[in-house]
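Just below is one structure, and these are the notes that go with it.
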Amino acid sequence: MPRLADTPAIPSEGWAVLHLVFAIAGDRGDEVDLTEAQALVDAFLAEPDAQLIAFSVVGAGADLGLILLHPDLARVHALHRDLLRTELGEALVEVPEKCMVSITEASEYINPDNPNVAELREGRLHPRDLPDTRVVCIYPMAKSRDVGANWYALDFEERRRLMGGHGRLGATFRGRVSQMITAATGLSDWEWQVTLFSDDPKAIKDIVYEMRYDEASAVYGIFGPFTVGLAAPFADAVREAGLTPA
């Protein structure tokens with residue numbers, strides 16, 4: 001028997017994440033009635049464990065971004081679909097190469113001897129309080145399969161060693177940058193989506209720069225396009241993106 005429309009699609013582990021990036025389809029400064037779109041966002045955020053981050057994109061190529069997180073993949077899909085049917089949706093065009101479907105995950109390389117391993121796993125699988133920072137940076141990444149630099153040809157202990165060093169370097173930015181790394185293998189064209197949060201744009205630059213010298217990235221890392229935005233409440237992000245809420 002076929003499934004009914006809007007049947008939940010709940011991962012057996014982790015939560016669904018949808019990164020969406022849009023460009024303004026018409027003229028910047030056009031008035032847009034946000035009543036319907038805001039009501040959809042408010043209803044989404046009223047649900048248990050639902051989160052949404054809106055941001056205006058800095059630079060060319062895009063204008064508005066949304067990060068949706070929910071236990072149910074079908075629910076983030078429904079919000080995406082319904083937003084596109086509103087007056088706001090009519091004023092936007094998606095930028096597919098900057099969008100991503102993924103799922104939260106607990107890294108397989110977490111040291112099982114860490115006394116906080118259960119807390120670390122829970123925090124990564126179910127990030128209930130995403131950082132409330134002004135700057136957001138998102139980018140996709142994958143691991144190399146090149147001859148002589150094939151991540152997947154390494155044995156597990158070597159991969160754990162490399163990721164351990166990667167994690168220790170990232171920990172030096174604690175208090176300056178927070179991150180959410182979500183798994184996209186089989187769900188998108190890339191293997192992971194990285195989301196960085198900070199109030200300091202330089203901290204974003206610094207962590208990406210330093211991480212590229214780490215062996216796990218220098219030898220095996222492949223990075224996609226970077227998108228930087230200014231996070232704000234939904235209507236404010238739309239305004240900062242260049243549209244005028246009516």
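Please note that chains go A, B, ... in the order of the structure tokens, that every chain numbers its residues from 1, and that ligands are numbered from 1 in the order shown.
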
Need to verify the contact set: Thr86 of chain A, 9 Å, only C-alpha atoms, exclusion of same-chain residues closer than 6 positions in sequence. Can you return it as a compact mmCIF listing (two decimals) with C-alpha atoms, in the first residue's frame?
```txt
# COMPACT_ATOMS: atom_id res chain seq x y z
CA ASP A 33 3.70 40.67 2.31
CA LEU A 34 5.33 38.32 4.85
CA THR A 35 2.14 37.51 6.75
CA GLU A 36 1.74 33.99 5.36
CA ALA A 37 5.45 33.16 5.39
```

So that I can check the surroundings of Pro71 of chain A, please list as JSON, numbers by chain every protein, DNA and RNA residue that reaches within 12 Å of it, counting only C-alpha atoms and ignoring chain neighbours fewer than 5 positions away. {"A": [8, 9, 10, 11, 12, 13, 14, 15, 16, 17, 18, 44, 47, 48, 49, 50, 51, 76, 77, 102, 103, 104, 125, 126, 127, 128]}

Contacts of Gly175 of chain A within 12 Å, only C-alpha atoms, excl. fewer than 3 positions in-chain, as a list in words: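 Surrounding residues, per the criterion: Pro131, Thr133, Gly170, Ala171, Thr172, Ser178, Gln179, Phe197, Ser198, Asp199, Asp200 and Ala203 of chain A.
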
Neighbour list for Gly59 of chain A as a short mmCIF file (atom, residue, chain, number, x, y, z; two decimals) with C-alpha atoms, in the first residue's frame, cut-off 9 Å, only C-alpha atoms, skip fewer than 5 positions in-chain:
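Dumped to result.cif:
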```
data_model
loop_
_atom_site.label_atom_id
_atom_site.label_comp_id
_atom_site.auth_asym_id
_atom_site.auth_seq_id
_atom_site.Cartn_x
_atom_site.Cartn_y
_atom_site.Cartn_z
CA THR A 227 28.35 31.30 1.83
CA VAL A 228 28.51 33.91 4.59
CA GLY A 229 25.45 35.55 6.08
#
```

Contacts of Asp189 of chain A at 10 Å or less, counting only C-alpha atoms, minus same-chain residues fewer than 3 places along, as JSON, numbers by chain? {"A": [97, 100, 101, 140, 141, 142, 184, 185, 186, 192]}

I want to know what sits within 8 Å of Ala91 of chain A, based on only C-alpha atoms, with residues of the same chain fewer than 2 positions away left out; could you give that as a list of chain:residue names? A:Ile24, A:Ala25, A:Gly26, A:Val32, A:Glu87, A:Leu88, A:Gly89, A:Val93

Can you work out the spacing between atom CA of Gln193 of chain A and atom CA of Pro96 of chain A in Å, to one decimal?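 These two atoms are separated by 14.0 Å.
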
Which parts of segment 165-222 of chain A does DSSP call strand (DSSP E) when run on the backbone here, written out as a list in words?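 Those residues are Ser178, Gln179, Met180, Ile181, Thr182, Ala183, Trp192, Gln193, Val194, Thr195, Leu196, Phe197, Ser198, Gly221 and Ile222 of chain A.
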
To test your reading of the structure, identify every residue in segment 24-204 of chain A that backbone DSSP assigns to alpha helix (DSSP H), and report it as JSON, numbers by chain. {"A": [35, 36, 37, 38, 39, 40, 41, 42, 43, 44, 45, 73, 74, 75, 76, 77, 78, 79, 80, 81, 82, 83, 84, 87, 88, 89, 90, 117, 118, 119, 120, 121, 122, 123, 124, 125, 156, 157, 158, 159, 160, 161, 162, 163, 164, 165, 166, 167, 168, 169, 170, 171, 201, 202, 203, 204]}

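If only C-alpha atoms are the atoms counted, then among A:Ala39, A:Ala60, A:Met180, A:Leu230 the closest residue to Ala23 of chain A is A:Ala60.
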
Need to verify the contact set: Ile110 of chain A, 10 Å, only C-alpha atoms, exclusion of same-chain residues closer than 6 positions in sequence. Can you return it as an mmCIF file with C-alpha atoms, in the first residue's frame?
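Everything below was put into result-v9.cif:
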```
data_model
loop_
_atom_site.group_PDB
_atom_site.id
_atom_site.type_symbol
_atom_site.label_atom_id
_atom_site.label_comp_id
_atom_site.auth_asym_id
_atom_site.auth_seq_id
_atom_site.Cartn_x
_atom_site.Cartn_y
_atom_site.Cartn_z
ATOM 1 C CA ASN A 116 31.881 12.923 28.283
ATOM 2 C CA VAL A 117 31.291 10.667 25.286
ATOM 3 C CA ALA A 118 27.542 10.285 25.931
ATOM 4 C CA LEU A 120 29.138 14.699 23.144
ATOM 5 C CA ARG A 121 27.080 12.226 21.115
ATOM 6 C CA ARG A 160 40.807 8.360 13.996
ATOM 7 C CA MET A 163 40.475 13.384 13.026
ATOM 8 C CA GLY A 164 41.738 13.571 16.595
ATOM 9 C CA GLY A 167 39.364 18.098 16.566
#
```

Can you tell me how far atom CA of Tyr152 of chain A sits from atom CA of Leu73 of chain A, in Å to one decimal?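 Separating atom CA of Tyr152 of chain A from atom CA of Leu73 of chain A is a distance of 28.0 Å.
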
Check the smallest atom-to-atom distance from each of A:Val57, A:Ala216, A:Leu40, A:Pro225 to Leu83 of chain A using only C-alpha atoms, then report the winner.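 Once distances to Leu83 of chain A are computed over only C-alpha atoms, the minimum belongs to A:Leu40.
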
By how many Å are atom CA of Thr182 of chain A and atom CA of Thr195 of chain A apart?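 If I compute the distance from atom CA of Thr182 of chain A to atom CA of Thr195 of chain A, I get 8.3 Å.
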
Just checking: using only C-alpha atoms, which residue out of A:Ala5, A:Leu162, A:Leu92, A:Leu169 ends up closest to Gly242 of chain A?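 Once distances to Gly242 of chain A are computed over only C-alpha atoms, the minimum belongs to A:Leu92.
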
Name the closest residue to Arg176 of chain A among the candidates A:Val135, A:Arg212, A:Arg124, A:Gly148; distances are taken between atoms, counting only C-alpha atoms.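 Under the stated criterion, the closest residue is A:Val135.
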
Here is a test: counting only C-alpha atoms, which residue of A:Ala241, A:Ala231, A:Ala78, A:Val219 is nearest to Phe22 of chain A?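 For Phe22 of chain A, the nearest of the given residues is A:Ala241.
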
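Nearest residue to Ala43 of chain A among A:Asp82, A:Glu158, A:Asp63, A:Asp113 is A:Asp82, counting only C-alpha atoms.
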